[in-house]
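To keep things clear, I will list the structure first and then write my remarks on it.
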Amino acid sequence: MQYNAKAPYIVETHWQIEEVLDGDSVIICNRFTQMKKEIRLYGLDAPEVKLNRKMKEDEEKSSLPAQLLLQFGLQSLHFVLSVAPPKTVVTIITEQENYYDYWNRQLGYVILPSGLCLNELLLQNGYAKATQQYYCGKLAEYQAMNRQAQLNNIGIYSQIKVF
């Protein structure tokens with residue numbers, strides 16, 4: 001992950017994944033204080049894993065039925081569980097200027113023990129799409145990763161062109 005010198009980052013270590021909520025949100029727990037918080041992944045959106053308000057919006061935007069979107073959401077969730085299961089030690093990097101989302105969740109890049117970024121793995125493997133709704137300094141790169149996954153027909157894009 002390359003950092004932009006103009007955008008100061010907050011780096012938090014000693015966290016581990018407590019629970020994977022869906023393809024774009026995790027609950028993390030501090031390994032020393034046991035404090036827990038939700039992290040919403042920057043720059044991407046994965047399909048929902050349950051029927052809710054957002055699922056209805058996604059259904060209208062994509063013209064895809066909720067049941068199909070739900071299957072895609074579960075595929076995304078399973079991908080995250082395969083690369084970052086509970087107890088995975090992570091580092092969270094947050095852009096100082098863009099710390100919380102509309103719902104007051106902390107936004108973050110989730111860095112795995114391998115040094116790989118979970119956000120980028122989801123996009124590169126076609127299990128999430130880039131979005132400006134959860135803006136980040138890497139949005140242009142994320143859009144390019146998303147496009148490449150579409151062109152290569154991988155992940156969810158192996159079953160459908162857009163979601």
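Going through the structure tokens in order, the chains are called A, B, and so on, while each chain numbers its residues from 1 and the ligands are numbered from 1 in the order shown.
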
Asn30 in chain A surroundings by only C-alpha atoms, 6 Å radius, close-in-sequence under 5 positions cut, as a list of chain:residue names: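 Final neighbour list, sorted by chain and number: A:His14, A:Trp15, A:Met35.
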
Secondary structure check, helix (DSSP H, G or I) residues of chain A, as JSON, numbers by chain: {"A": [53, 54, 55, 56, 57, 58, 59, 60, 61, 62, 66, 67, 68, 69, 70, 71, 72, 73, 74, 75, 76, 77, 78, 79, 80, 81, 82, 83, 118, 119, 120, 121, 122, 123, 124, 139, 140, 141, 142, 143, 144, 145, 146, 147, 148, 149, 150, 151, 155, 156, 157, 158]}

Preceding selection exported with C-alpha atoms as a PDB file, in the first residue's frame:
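And here's result_23.pdb as it stands now:
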```
ATOM      1  CA  ARG A  53     -32.834  -1.235   3.743  1.00  0.00           C
ATOM      2  CA  LYS A  54     -29.551  -1.277   1.812  1.00  0.00           C
ATOM      3  CA  MET A  55     -30.505  -4.540   0.090  1.00  0.00           C
ATOM      4  CA  LYS A  56     -33.675  -2.883  -1.229  1.00  0.00           C
ATOM      5  CA  GLU A  57     -31.589   0.054  -2.548  1.00  0.00           C
ATOM      6  CA  ASP A  58     -29.075  -2.325  -4.172  1.00  0.00           C
ATOM      7  CA  GLU A  59     -31.907  -4.326  -5.736  1.00  0.00           C
ATOM      8  CA  GLU A  60     -33.340  -1.156  -7.315  1.00  0.00           C
ATOM      9  CA  LYS A  61     -29.951   0.164  -8.492  1.00  0.00           C
ATOM     10  CA  SER A  62     -28.754  -3.116  -9.994  1.00  0.00           C
ATOM     11  CA  ALA A  66     -32.506  -9.647  -3.640  1.00  0.00           C
ATOM     12  CA  GLN A  67     -32.057 -13.443  -3.505  1.00  0.00           C
ATOM     13  CA  LEU A  68     -29.264 -13.286  -6.104  1.00  0.00           C
ATOM     14  CA  LEU A  69     -27.619 -10.309  -4.367  1.00  0.00           C
ATOM     15  CA  LEU A  70     -27.831 -12.258  -1.114  1.00  0.00           C
ATOM     16  CA  GLN A  71     -25.929 -15.180  -2.696  1.00  0.00           C
ATOM     17  CA  PHE A  72     -23.247 -12.741  -3.889  1.00  0.00           C
ATOM     18  CA  GLY A  73     -23.083 -11.232  -0.388  1.00  0.00           C
ATOM     19  CA  LEU A  74     -22.487 -14.671   1.102  1.00  0.00           C
ATOM     20  CA  GLN A  75     -19.736 -15.354  -1.469  1.00  0.00           C
ATOM     21  CA  SER A  76     -18.075 -12.095  -0.450  1.00  0.00           C
ATOM     22  CA  LEU A  77     -18.414 -12.969   3.249  1.00  0.00           C
ATOM     23  CA  HIS A  78     -16.894 -16.423   2.663  1.00  0.00           C
ATOM     24  CA  PHE A  79     -13.989 -14.861   0.763  1.00  0.00           C
ATOM     25  CA  VAL A  80     -13.211 -12.570   3.718  1.00  0.00           C
ATOM     26  CA  LEU A  81     -13.479 -15.509   6.129  1.00  0.00           C
ATOM     27  CA  SER A  82     -11.021 -17.468   3.954  1.00  0.00           C
ATOM     28  CA  VAL A  83      -8.329 -14.724   3.987  1.00  0.00           C
ATOM     29  CA  LEU A 118      -7.983  -6.829   2.751  1.00  0.00           C
ATOM     30  CA  ASN A 119      -9.704  -3.960   0.900  1.00  0.00           C
ATOM     31  CA  GLU A 120      -7.523  -4.562  -2.159  1.00  0.00           C
ATOM     32  CA  LEU A 121      -7.895  -8.361  -2.030  1.00  0.00           C
ATOM     33  CA  LEU A 122     -11.688  -8.019  -2.162  1.00  0.00           C
ATOM     34  CA  LEU A 123     -11.508  -5.782  -5.233  1.00  0.00           C
ATOM     35  CA  GLN A 124      -8.781  -7.746  -7.034  1.00  0.00           C
ATOM     36  CA  LEU A 139     -10.267   5.420  -4.956  1.00  0.00           C
ATOM     37  CA  ALA A 140      -8.808   5.770  -8.477  1.00  0.00           C
ATOM     38  CA  GLU A 141      -6.588   2.696  -7.885  1.00  0.00           C
ATOM     39  CA  TYR A 142      -9.555   0.822  -6.429  1.00  0.00           C
ATOM     40  CA  GLN A 143     -11.676   1.650  -9.475  1.00  0.00           C
ATOM     41  CA  ALA A 144      -8.902   0.269 -11.715  1.00  0.00           C
ATOM     42  CA  MET A 145      -8.693  -2.944  -9.611  1.00  0.00           C
ATOM     43  CA  ASN A 146     -12.475  -3.293  -9.825  1.00  0.00           C
ATOM     44  CA  ARG A 147     -12.430  -2.860 -13.604  1.00  0.00           C
ATOM     45  CA  GLN A 148      -9.684  -5.470 -13.970  1.00  0.00           C
ATOM     46  CA  ALA A 149     -11.715  -7.998 -11.949  1.00  0.00           C
ATOM     47  CA  GLN A 150     -14.706  -7.301 -14.220  1.00  0.00           C
ATOM     48  CA  LEU A 151     -12.633  -7.763 -17.370  1.00  0.00           C
ATOM     49  CA  GLY A 155     -15.253 -13.596  -8.213  1.00  0.00           C
ATOM     50  CA  ILE A 156     -18.834 -12.380  -8.507  1.00  0.00           C
ATOM     51  CA  TYR A 157     -18.005 -11.108 -12.008  1.00  0.00           C
ATOM     52  CA  SER A 158     -17.690 -14.729 -13.166  1.00  0.00           C
TER      53      SER A 158
END
```

Top pick for closest residue to Ile93 in chain A, considering A:Ala130, A:Cys136, A:Ile160, A:Val20 and counting only C-alpha atoms: A:Cys136

Which of chain A fall in strand (DSSP E), as number ranges by chain: A: 9-22, 25-30, 36-41, 44-45, 89-95, 106-111, 129-130

Between CA of Gly108 in chain A and CA of Leu51 in chain A - distance in Å to one decimal: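 Answer for the CA of Leu51 in chain A to CA of Gly108 in chain A separation: 24.8 Å.
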
Nearby residues (only C-alpha atoms) at most 10 Å from Glu38 in chain A, same-chain spacing under 4 positions excluded, as a ChimeraX atom specification: /A:17-21,25-29,104-108

Output for the residues just chosen: all heavy atoms as a JSON list (two decimals), in the first residue's frame:
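Listing of selection.json after writing:
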```json
[["chain", "number", "residue", "atom", "x", "y", "z"],
["A", 17, "ILE", "N", -9.26, -9.60, 14.37],
["A", 17, "ILE", "CA", -10.64, -9.69, 13.90],
["A", 17, "ILE", "C", -11.43, -10.53, 14.91],
["A", 17, "ILE", "O", -11.03, -11.64, 15.25],
["A", 17, "ILE", "CB", -10.71, -10.29, 12.49],
["A", 17, "ILE", "CG1", -10.07, -9.29, 11.50],
["A", 17, "ILE", "CG2", -12.16, -10.61, 12.10],
["A", 17, "ILE", "CD1", -10.00, -9.77, 10.09],
["A", 18, "GLU", "N", -12.51, -9.96, 15.38],
["A", 18, "GLU", "CA", -13.40, -10.64, 16.32],
["A", 18, "GLU", "C", -14.52, -11.35, 15.54],
["A", 18, "GLU", "O", -14.87, -12.47, 15.83],
["A", 18, "GLU", "CB", -13.99, -9.59, 17.26],
["A", 18, "GLU", "CG", -14.97, -10.12, 18.25],
["A", 18, "GLU", "CD", -14.32, -10.73, 19.49],
["A", 18, "GLU", "OE1", -13.10, -10.60, 19.67],
["A", 18, "GLU", "OE2", -15.05, -11.36, 20.25],
["A", 19, "GLU", "N", -15.06, -10.62, 14.54],
["A", 19, "GLU", "CA", -16.18, -11.15, 13.77],
["A", 19, "GLU", "C", -16.19, -10.49, 12.39],
["A", 19, "GLU", "O", -15.93, -9.30, 12.25],
["A", 19, "GLU", "CB", -17.48, -10.80, 14.51],
["A", 19, "GLU", "CG", -18.74, -11.29, 13.86],
["A", 19, "GLU", "CD", -20.00, -10.85, 14.60],
["A", 19, "GLU", "OE1", -19.90, -10.26, 15.69],
["A", 19, "GLU", "OE2", -21.10, -11.10, 14.07],
["A", 20, "VAL", "N", -16.48, -11.29, 11.37],
["A", 20, "VAL", "CA", -16.66, -10.76, 10.01],
["A", 20, "VAL", "C", -18.16, -10.58, 9.83],
["A", 20, "VAL", "O", -18.91, -11.56, 9.85],
["A", 20, "VAL", "CB", -16.07, -11.71, 8.96],
["A", 20, "VAL", "CG1", -16.33, -11.18, 7.56],
["A", 20, "VAL", "CG2", -14.57, -11.91, 9.20],
["A", 21, "LEU", "N", -18.61, -9.33, 9.70],
["A", 21, "LEU", "CA", -20.04, -9.05, 9.57],
["A", 21, "LEU", "C", -20.54, -9.33, 8.16],
["A", 21, "LEU", "O", -21.62, -9.88, 7.97],
["A", 21, "LEU", "CB", -20.34, -7.61, 9.94],
["A", 21, "LEU", "CG", -20.00, -7.20, 11.38],
["A", 21, "LEU", "CD1", -20.25, -5.72, 11.59],
["A", 21, "LEU", "CD2", -20.81, -8.04, 12.37],
["A", 25, "SER", "N", -17.33, -5.15, 6.24],
["A", 25, "SER", "CA", -17.31, -4.69, 7.63],
["A", 25, "SER", "C", -16.84, -5.81, 8.56],
["A", 25, "SER", "O", -17.27, -6.95, 8.41],
["A", 25, "SER", "CB", -18.71, -4.26, 8.09],
["A", 25, "SER", "OG", -19.20, -3.22, 7.28],
["A", 26, "VAL", "N", -15.99, -5.43, 9.50],
["A", 26, "VAL", "CA", -15.52, -6.39, 10.51],
["A", 26, "VAL", "C", -15.58, -5.75, 11.89],
["A", 26, "VAL", "O", -15.52, -4.53, 12.02],
["A", 26, "VAL", "CB", -14.07, -6.87, 10.23],
["A", 26, "VAL", "CG1", -13.99, -7.68, 8.95],
["A", 26, "VAL", "CG2", -13.08, -5.71, 10.19],
["A", 27, "ILE", "N", -15.72, -6.59, 12.89],
["A", 27, "ILE", "CA", -15.57, -6.15, 14.27],
["A", 27, "ILE", "C", -14.16, -6.56, 14.69],
["A", 27, "ILE", "O", -13.77, -7.72, 14.48],
["A", 27, "ILE", "CB", -16.60, -6.84, 15.22],
["A", 27, "ILE", "CG1", -18.03, -6.58, 14.77],
["A", 27, "ILE", "CG2", -16.35, -6.42, 16.67],
["A", 27, "ILE", "CD1", -18.57, -5.21, 15.06],
["A", 28, "ILE", "N", -13.42, -5.60, 15.24],
["A", 28, "ILE", "CA", -12.08, -5.92, 15.71],
["A", 28, "ILE", "C", -12.00, -5.73, 17.22],
["A", 28, "ILE", "O", -12.82, -5.01, 17.80],
["A", 28, "ILE", "CB", -11.00, -5.07, 15.00],
["A", 28, "ILE", "CG1", -11.24, -3.57, 15.21],
["A", 28, "ILE", "CG2", -10.93, -5.41, 13.52],
["A", 28, "ILE", "CD1", -10.12, -2.67, 14.72],
["A", 29, "CYS", "N", -11.04, -6.39, 17.82],
["A", 29, "CYS", "CA", -10.86, -6.35, 19.27],
["A", 29, "CYS", "C", -9.39, -6.08, 19.56],
["A", 29, "CYS", "O", -8.51, -6.71, 18.97],
["A", 29, "CYS", "CB", -11.28, -7.70, 19.86],
["A", 29, "CYS", "SG", -11.10, -7.80, 21.65],
["A", 104, "ASN", "N", -21.27, 6.65, 11.47],
["A", 104, "ASN", "CA", -20.32, 6.81, 12.58],
["A", 104, "ASN", "C", -19.46, 5.56, 12.83],
["A", 104, "ASN", "O", -18.99, 5.34, 13.93],
["A", 104, "ASN", "CB", -21.03, 7.25, 13.86],
["A", 104, "ASN", "CG", -20.15, 8.17, 14.67],
["A", 104, "ASN", "OD1", -19.30, 8.87, 14.12],
["A", 104, "ASN", "ND2", -20.33, 8.15, 15.98],
["A", 105, "ARG", "N", -19.27, 4.77, 11.79],
["A", 105, "ARG", "CA", -18.35, 3.64, 11.90],
["A", 105, "ARG", "C", -16.97, 4.13, 11.47],
["A", 105, "ARG", "O", -16.85, 4.95, 10.55],
["A", 105, "ARG", "CB", -18.76, 2.50, 10.96],
["A", 105, "ARG", "CG", -20.10, 1.90, 11.30],
["A", 105, "ARG", "CD", -20.51, 0.87, 10.29],
["A", 105, "ARG", "NE", -20.74, 1.50, 8.99],
["A", 105, "ARG", "CZ", -21.24, 0.89, 7.93],
["A", 105, "ARG", "NH1", -21.53, -0.39, 7.99],
["A", 105, "ARG", "NH2", -21.43, 1.53, 6.79],
["A", 106, "GLN", "N", -15.93, 3.62, 12.11],
["A", 106, "GLN", "CA", -14.59, 3.97, 11.69],
["A", 106, "GLN", "C", -14.30, 3.34, 10.35],
["A", 106, "GLN", "O", -14.59, 2.15, 10.13],
["A", 106, "GLN", "CB", -13.55, 3.50, 12.72],
["A", 106, "GLN", "CG", -12.14, 3.90, 12.33],
["A", 106, "GLN", "CD", -11.11, 3.46, 13.35],
["A", 106, "GLN", "OE1", -11.41, 3.28, 14.52],
["A", 106, "GLN", "NE2", -9.88, 3.29, 12.89],
["A", 107, "LEU", "N", -13.75, 4.12, 9.43],
["A", 107, "LEU", "CA", -13.34, 3.61, 8.13],
["A", 107, "LEU", "C", -11.90, 3.13, 8.24],
["A", 107, "LEU", "O", -11.13, 3.63, 9.07],
["A", 107, "LEU", "CB", -13.44, 4.71, 7.08],
["A", 107, "LEU", "CG", -14.88, 5.18, 6.79],
["A", 107, "LEU", "CD1", -14.87, 6.50, 6.05],
["A", 107, "LEU", "CD2", -15.62, 4.13, 5.99],
["A", 108, "GLY", "N", -11.51, 2.16, 7.43],
["A", 108, "GLY", "CA", -10.13, 1.71, 7.52],
["A", 108, "GLY", "C", -9.68, 0.83, 6.38],
["A", 108, "GLY", "O", -10.49, 0.24, 5.66]]
```

Between CA of Tyr135 in chain A and CA of Asp45 in chain A - distance in Å to one decimal: 10.7 Å

Between CA of Phe163 in chain A and CA of Leu64 in chain A - distance in Å to one decimal: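 These atoms are spaced 7.6 Å apart.
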
Nearest to Cys117 in chain A by atom-to-atom distance, counting only C-alpha atoms, from A:Leu41, A:Ile154, A:Val49, A:Val11: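 The answer is A:Leu41, which sits nearest to Cys117 in chain A.
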